[in-house]
Each structure stands twice: as structure tokens, then as C-alpha cells.
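Working notes, structure below.
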Protein chains: 2
Amino acid sequence: MATARPIPDKEALPKGARTRESILRVAVDLASVEGLEGVSIGRLADELKMSKSGLFAHFGSKEDLQLATVSAAREIFTEHVIRPALSEPAGAPRLWALCLHWVKYVEGKVFKGGCFFAAASFEFDSRKGPVRDAIANAMQEWLGVLTRAVEGAKKAGHLKASVNPEQFAFEIYSLAIGGHWGFQLLEDTKALDRVRVTMRDRIKALATPKCPSLKLPR
Amino acid sequence: MATARPIPDKEALPKGARTRESILRVAVDLASVEGLEGVSIGRLADELKMSKSGLFAHFGSKEDLQLATVSAAREIFTEHVIRPALSEPAGAPRLWALCLHWVKYVEGKVFKGGCFFAAASFEFDSRKGPVRDAIANAMQEWLGVLTRAVEGAKKAGHLKASVNPEQFAFEIYSLAIGGHWGFQLLEDTKALDRVRVTMRDRIKALATPKCPSLKLPR
DNA sequence: ACAAAAAACGAACGTTCGTGCTATTATTTT
DNA sequence: AAAATAATAGCACGAACGTTCGTTTTTTGT
């Protein structure tokens with residue numbers, strides 16, 4: 001017979017998976033502040049009020065924990081930046097939405113220490129191994145999303161035919177990471193506003209008359 | 001009487017200072033790869049074939065070692081990027097020299113793991129304390145150097161009067177850090193070439209007819 | 001050359017690191 | 001409700017961490 005409760009809406013996941021998720025949610029936050037290598041199992045266990053060994057059992061090793069953390073961060077990133085932009089029409093609006101959502105994602109402290117991948121990228125950029133590869137992979141994909149958005153804007157006739165999508169996607173990415181640096185390290189509260197303006201200026205400089213207007217928020 | 005050796009040219013520094021220097025030279029290299037927090041005293045001592053305690057005595061604490069490492073890195077950065085550019089005439093040539101020397105400094109692996117400050121910036125960007133402040137300070141100065149170079153280029157009539165120096169300096173910085181990311185993390189060997197081209201394009205887009213030509217190396 | 005000072009060492013400290021085990025609880029499934 | 005399974009806790013390990021201390025070696029100034 002079925003369970004007496006007619007509302008099986010929530011928590012269909014088994015206990016283990018739920019715990020795992022909450023561990024990873026704390027792990028990504030911690031990693032964005034202390035770095036991925038700086039997230040120790042003991043520290044993580046304290047934060048979650050569980051035993052080191054109990055937590056450890058969810059992952060076979062520290063490296064597996066790091067890989068799981070990277071992929072958890074990837075999902076959160078997709079959720080906050082990529083997915084909302086994909087619901088915008090292809091072309092300049094979608095490209096612009098990617099920019100705006102990225103900035104909002106940093107501004108809104110989705111991760112406590114700013115963008116997880118900004119930290120992880122520069123932490124692992126001269127190492128070897130699967131963790132570095134996972135990070136590089138995620139970033140390659142992100143750059144790919146940006147590149148395709150630029151291509152889409154070209155196809156929609158919003159950007160000039162002379163635009164090089166890889167080049168321009170890289171430029172936008174650079175502005176994003178530069179803004180992150182100004183915001184987080186230099187504590188320049190205006191940094192992210194300026195990034196939005198600069199991004200818009202750059203898009204407009206390469207736009208055709210067909211390009212719809214790009215609105216700054218608020 | 002003077003020493004028998006008539007060539008007292010080298011090593012006027014006392015022993016302690018010389019050792020300290022060689023420690024810090026290894027420390028910055030190691031930090032550019034493993035991160036500043038990742039440089040352990042034991043590891044550093046192994047690398048230099050000296051005892052942990054002997055090395056430790058040169059610095060009162062790990063934090064002091066980190067601060068010394070930051071300022072050693074700062075000197076190396078100045079030597080490789082800022083000083084050579086200052087011998088160029090103020091204006092677009094000096095701004096362009098800053099760009100080129102920065103790229104060369106990354107490309108030439110002055111630090112084993114790429115730019116020390118790229119790593120350190122993103123490692124400490126959401127922490128507190130004197131180490132973070134020292135890094136932020138150095139980066140603020142670097143941004144200042146870039147900003148003044150843009151101002152100089154405006155004054156020389158090489159850049160349009162409409163150029164906002166802070167804005168444009170930030171843009172150049174962003175391209176630099178973006179290039180570092182492509183080069184180090186994505187292992188894109190063309191990344192730095194593309195950065196040079198993009199930087200030149202951006203300068204030219206804001207240049208007046210008076211602006212001298214900016215040559216790409218090789 | 002000798003005495004004073006500085007530098008380097010070796011051992012030990014208390015912690016924390018990642019990682020095994022073996023129990024003991026919770027949760028599912030029957 | 002009982003049996004089977006999964007999740008967590010407890011404890012211990014060897015290694016590495018930053019740091020302290022007393023001793024020995026090396027450099028320096030006279």
C-alpha cells in the first residue's frame with residue numbers, strides 16, 4: 001500500500017544523497033573563500049556538526065571530494081548564470097543576459113567568497129591532475145557558451161560580420177574576471193557597475209543598427 | 001690590512017641577508033604554483049636544503065614570511081614590467097611598453113606558475129589581514145601605474161580626450177588577467193598573442209592621428 | 001687570532017592533516 | 001516488526017604543519 005501521506009512532493013532523495021548535497025553546498029562556499037585545497041575535511045565536518053569519518057565516507061578521498069565540489073559549483077553556476085540567459089532570445093539579448101547574470105551572481109554573493117571558479121582557476125592553473133582538468137573543463141565550457149552567444153548575435157544580425165566570436169567572447173570574459181578582482185580584492189564597490197557599463201559599451205561598439213537596446217538594471 | 005683578494009666586487013651583503021634573498025626567490029616561485037598559503041616552511045626548507053628551524057629564524061612567523069614573499073614578488077614585478085616601461089617616453093609608447101612587458105613577463109615564466117600576483121590576488125581576495133592588504137596594496141599600485149600611463153598618453157595627445165583613464169586602465173588590466181587565465185589554465189598557447197593584438201586594437205581604437213605606431217614583437 | 005655575534009641545526013611540542021578500521025546507530029525494504 | 005542496508009560516530013595511525021628551545025657551527029669585527 002502507498003504511504004498515508006498524499007503529498008510525496010518533497011525529499012524523494014535518500015538520506016545519504018541529501019547529506020551529500022548539504023556537505024557540498026558548504027564546501028563550495030568554503031572553497032570560494034579558503035580555496036579548494038584549503039577546505040579540510042575536519043573543518044568541513046565542524047561546520048556541519050558531523051564527524052570527520054562520517055563525512056569522509058561520502059567521498060572516497062579528498063580528491064573525490066574536490067571533484068564533487070567542482071561539479072556542484074558547476075551546477076550552481078549554470079543555474080544562476082547560464083540557464084536564465086538561455087530563456088532570452090538568441091542574439092544580443094542573450095549575450096547581454098549572460099553578462100548581466102554573471103555580474104549579479106558575483107554581486108549577490110551566490111558563493112561567499114565571490115565566484116568559485118575565479119578562485120579555483122587561479123589556484124589550479126599551474127597544477128596537474130583531475131581536479132585541475134575538471135576546472136579547466138568547466139571554464140572551457142563557459143567560454144564556449146559565451147562564444148556561441150556572440151555567434152548567435154552575429155547570426156541575428158545584431159553584431160557586425162567583422163566580429164571574431166572567440167576574440168570577443170574572450171574580451172567579455174576578461175572584463176568579468178577583472179571586475180571580480182576589483183570588487184573582491186580592491187573592495188571597489190563601483191567595480192561591478194563599471195563592468196556592466198564597459199561590457200555594454202563594447203557590445204554597442206560592435207553592434208549593427210538592428211541590435212536592440214541593452215538596458216542596465218535598476 | 002685588507003683581504004688578500006683584490007676583487008671585493010661581489011657579495012657585499014652579510015650572510016643572513018643573502019640567505020634570506022635566496023629563500024624568498026624560491027618562495028615566490030613556489031607560491032606562484034602552490035599558492036601563498038601552500039608554501040610550507042618544511043617544503044621550502046627541503047627545496048633549499050636547510051633545516052626548518054634555520055629557515056624559520058629568518059622570519060618570526062609564517063605570516064612574516066608571507067609578507068616578505070609578497071614584497072619580494074613586488075620587486076621582481078617592478079623590475080620586469082614597470083622599470084623597463086618607464087624608460088620609454090611618456091605617452092602611448094610607455095603604455096604600450098607596459099602591456100608588452102607584462103605579457104613577456106608571463107610568457108617568459110619569470111615565476112614558475114605564471115604571475116605571482118594573479119595567483120595571490122584570487123587566493124586572498126576574500127580574506128582579512130595584513131597579507132591580503134599587502135597584496136591589495138601592490139595591485140592598487142599596479143593599477144595606478146597603468147592609469148597614469150593612460151593619462152600620460154592623453155596628455156601627449158596620443159589618446160582622445162574622451163578617454164576615461166581609470167576605465168581604460170581597468171580594461172587593459174582585465175585583458176591581461178584574462179590572457180593569463182587562457183595561457184595558464186586553458187593552456188592556450190595563442191592566448192598571449194591574442195592579448196597583445198586585442199590590447200593594441202583597443203589602444204588604436206581610442207588613439208588620435210598623433211599616436212605613434214605600436215609594434216608587435218617578433 | 002680571538003672573542004662576540006649571527007646563523008643554522010636537531011629534536012621536540014601540540015595540532016591538524018587525510019585516511020583507515022570497527023562499532024553503533026538510522027533509515028529502508030520486506 | 002524484523003531483517004537488511006546505509007549512514008554516522010569513535011578511535012587510531014603516520015605524516016606534516018607552525019613554532020620553540022638549547023646547542024653547535026659559521027661568519028664577523030677587532
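Residue numbers start at 1 in each chain; chains themselves are named A, B, ... in the order of the C-alpha cells; ligands are numbered from 1 in the order shown.
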Go through chain D residue by residue and, counting only C-alpha atoms (C1' of nucleotides), keep those with an atom at most 12 Å from stretch 56-63 of chain B; for each kept residue give the shortest atom pair and its distance in Å to one decimal, ordered by chain and increasing number, as a Markdown table.
| residue | atom | partner | partner_atom | distance |
| --- | --- | --- | --- | --- |
| D:DC17 | C1' | B:Lys62 | CA | 11.0 |
| D:DG18 | C1' | B:Lys62 | CA | 7.2 |
| D:DT19 | C1' | B:Ser61 | CA | 8.1 |
| D:DT20 | C1' | B:Ala57 | CA | 10.8 |
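Within 12 Å of chain A, and using only C-alpha atoms (C1' of nucleotides), the residues found on chain D are DA6, DA7, DT8, DA9, DG10 and DC11 of chain D.
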Could you turn the residues from that selection into a file that holds N, CA and C atoms (P, O5', C5', C4', C3', O3' and C1' of nucleotides), as a PDB file, in the first residue's frame?
ATOM      1  P    DA D   6      22.978  -0.602   0.637  1.00  0.00           P
ATOM      2  O5'  DA D   6      22.914   0.883   1.215  1.00  0.00           O
ATOM      3  C5'  DA D   6      21.653   1.459   1.587  1.00  0.00           C
ATOM      4  C4'  DA D   6      21.885   2.522   2.629  1.00  0.00           C
ATOM      5  C3'  DA D   6      23.145   3.366   2.418  1.00  0.00           C
ATOM      6  O3'  DA D   6      22.746   4.722   2.488  1.00  0.00           O
ATOM      7  C1'  DA D   6      23.099   2.537   4.632  1.00  0.00           C
ATOM      8  P    DA D   7      23.769   5.905   2.287  1.00  0.00           P
ATOM      9  O5'  DA D   7      23.961   6.414   3.779  1.00  0.00           O
ATOM     10  C5'  DA D   7      22.811   6.800   4.535  1.00  0.00           C
ATOM     11  C4'  DA D   7      23.242   7.207   5.935  1.00  0.00           C
ATOM     12  C3'  DA D   7      24.367   8.239   5.998  1.00  0.00           C
ATOM     13  O3'  DA D   7      23.947   9.249   6.898  1.00  0.00           O
ATOM     14  C1'  DA D   7      24.914   6.361   7.342  1.00  0.00           C
ATOM     15  P    DT D   8      24.807  10.619   7.012  1.00  0.00           P
ATOM     16  O5'  DT D   8      25.624  10.375   8.352  1.00  0.00           O
ATOM     17  C5'  DT D   8      24.916  10.274   9.581  1.00  0.00           C
ATOM     18  C4'  DT D   8      25.794   9.649  10.645  1.00  0.00           C
ATOM     19  C3'  DT D   8      27.033  10.450  11.011  1.00  0.00           C
ATOM     20  O3'  DT D   8      26.779  11.119  12.235  1.00  0.00           O
ATOM     21  C1'  DT D   8      27.402   8.087  11.041  1.00  0.00           C
ATOM     22  P    DA D   9      27.904  12.010  12.922  1.00  0.00           P
ATOM     23  O5'  DA D   9      28.594  10.966  13.916  1.00  0.00           O
ATOM     24  C5'  DA D   9      27.786  10.279  14.857  1.00  0.00           C
ATOM     25  C4'  DA D   9      28.648   9.329  15.675  1.00  0.00           C
ATOM     26  C3'  DA D   9      29.901   9.967  16.265  1.00  0.00           C
ATOM     27  O3'  DA D   9      29.961   9.638  17.636  1.00  0.00           O
ATOM     28  C1'  DA D   9      30.470   8.004  15.063  1.00  0.00           C
ATOM     29  P    DG D  10      30.991  10.395  18.615  1.00  0.00           P
ATOM     30  O5'  DG D  10      32.097   9.267  18.885  1.00  0.00           O
ATOM     31  C5'  DG D  10      31.718   7.899  18.952  1.00  0.00           C
ATOM     32  C4'  DG D  10      32.962   7.036  19.100  1.00  0.00           C
ATOM     33  C3'  DG D  10      34.187   7.751  19.657  1.00  0.00           C
ATOM     34  O3'  DG D  10      34.777   6.897  20.627  1.00  0.00           O
ATOM     35  C1'  DG D  10      34.734   6.781  17.564  1.00  0.00           C
ATOM     36  P    DC D  11      35.976   7.492  21.607  1.00  0.00           P
ATOM     37  O5'  DC D  11      37.258   6.790  20.962  1.00  0.00           O
ATOM     38  C5'  DC D  11      37.196   5.423  20.549  1.00  0.00           C
ATOM     39  C4'  DC D  11      38.371   5.100  19.633  1.00  0.00           C
ATOM     40  C3'  DC D  11      39.678   5.807  19.992  1.00  0.00           C
ATOM     41  O3'  DC D  11      40.664   4.823  20.259  1.00  0.00           O
ATOM     42  C1'  DC D  11      39.288   5.861  17.666  1.00  0.00           C
TER      43       DC D  11
END
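For chain B, the residues having at least one atom no farther than 6 Å from chain A, when counting only C-alpha atoms, are B:Val33, B:Gly113, B:Ala119, B:Phe122, B:Asp125, B:Ser126, B:Ala136, B:Ser174, B:Leu175, B:Gly178, B:Gln184, B:Leu185, B:Leu186.
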With a distance threshold of 8 Å and counting only C-alpha atoms (C1' of nucleotides), extract the residues of chain C near chain B and express them as a ChimeraX atom specification.
-> /C:6-9
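Proximity to stretch 149-162 of chain B at 9 Å, evaluated using only C-alpha atoms (C1' of nucleotides) and with sequence-adjacent residues fewer than 2 positions away removed, yields Ala90, Gly91, Ala92, Pro93, Arg94, Leu95, Leu98, Gly144, Val145, Leu146, Thr147, Asn164, Pro165, Glu166, Phe168, Ala169, Ile203, Lys204, Leu206, Ala207, Thr208, Pro209, Lys210, Cys211 and Pro212 of chain B.
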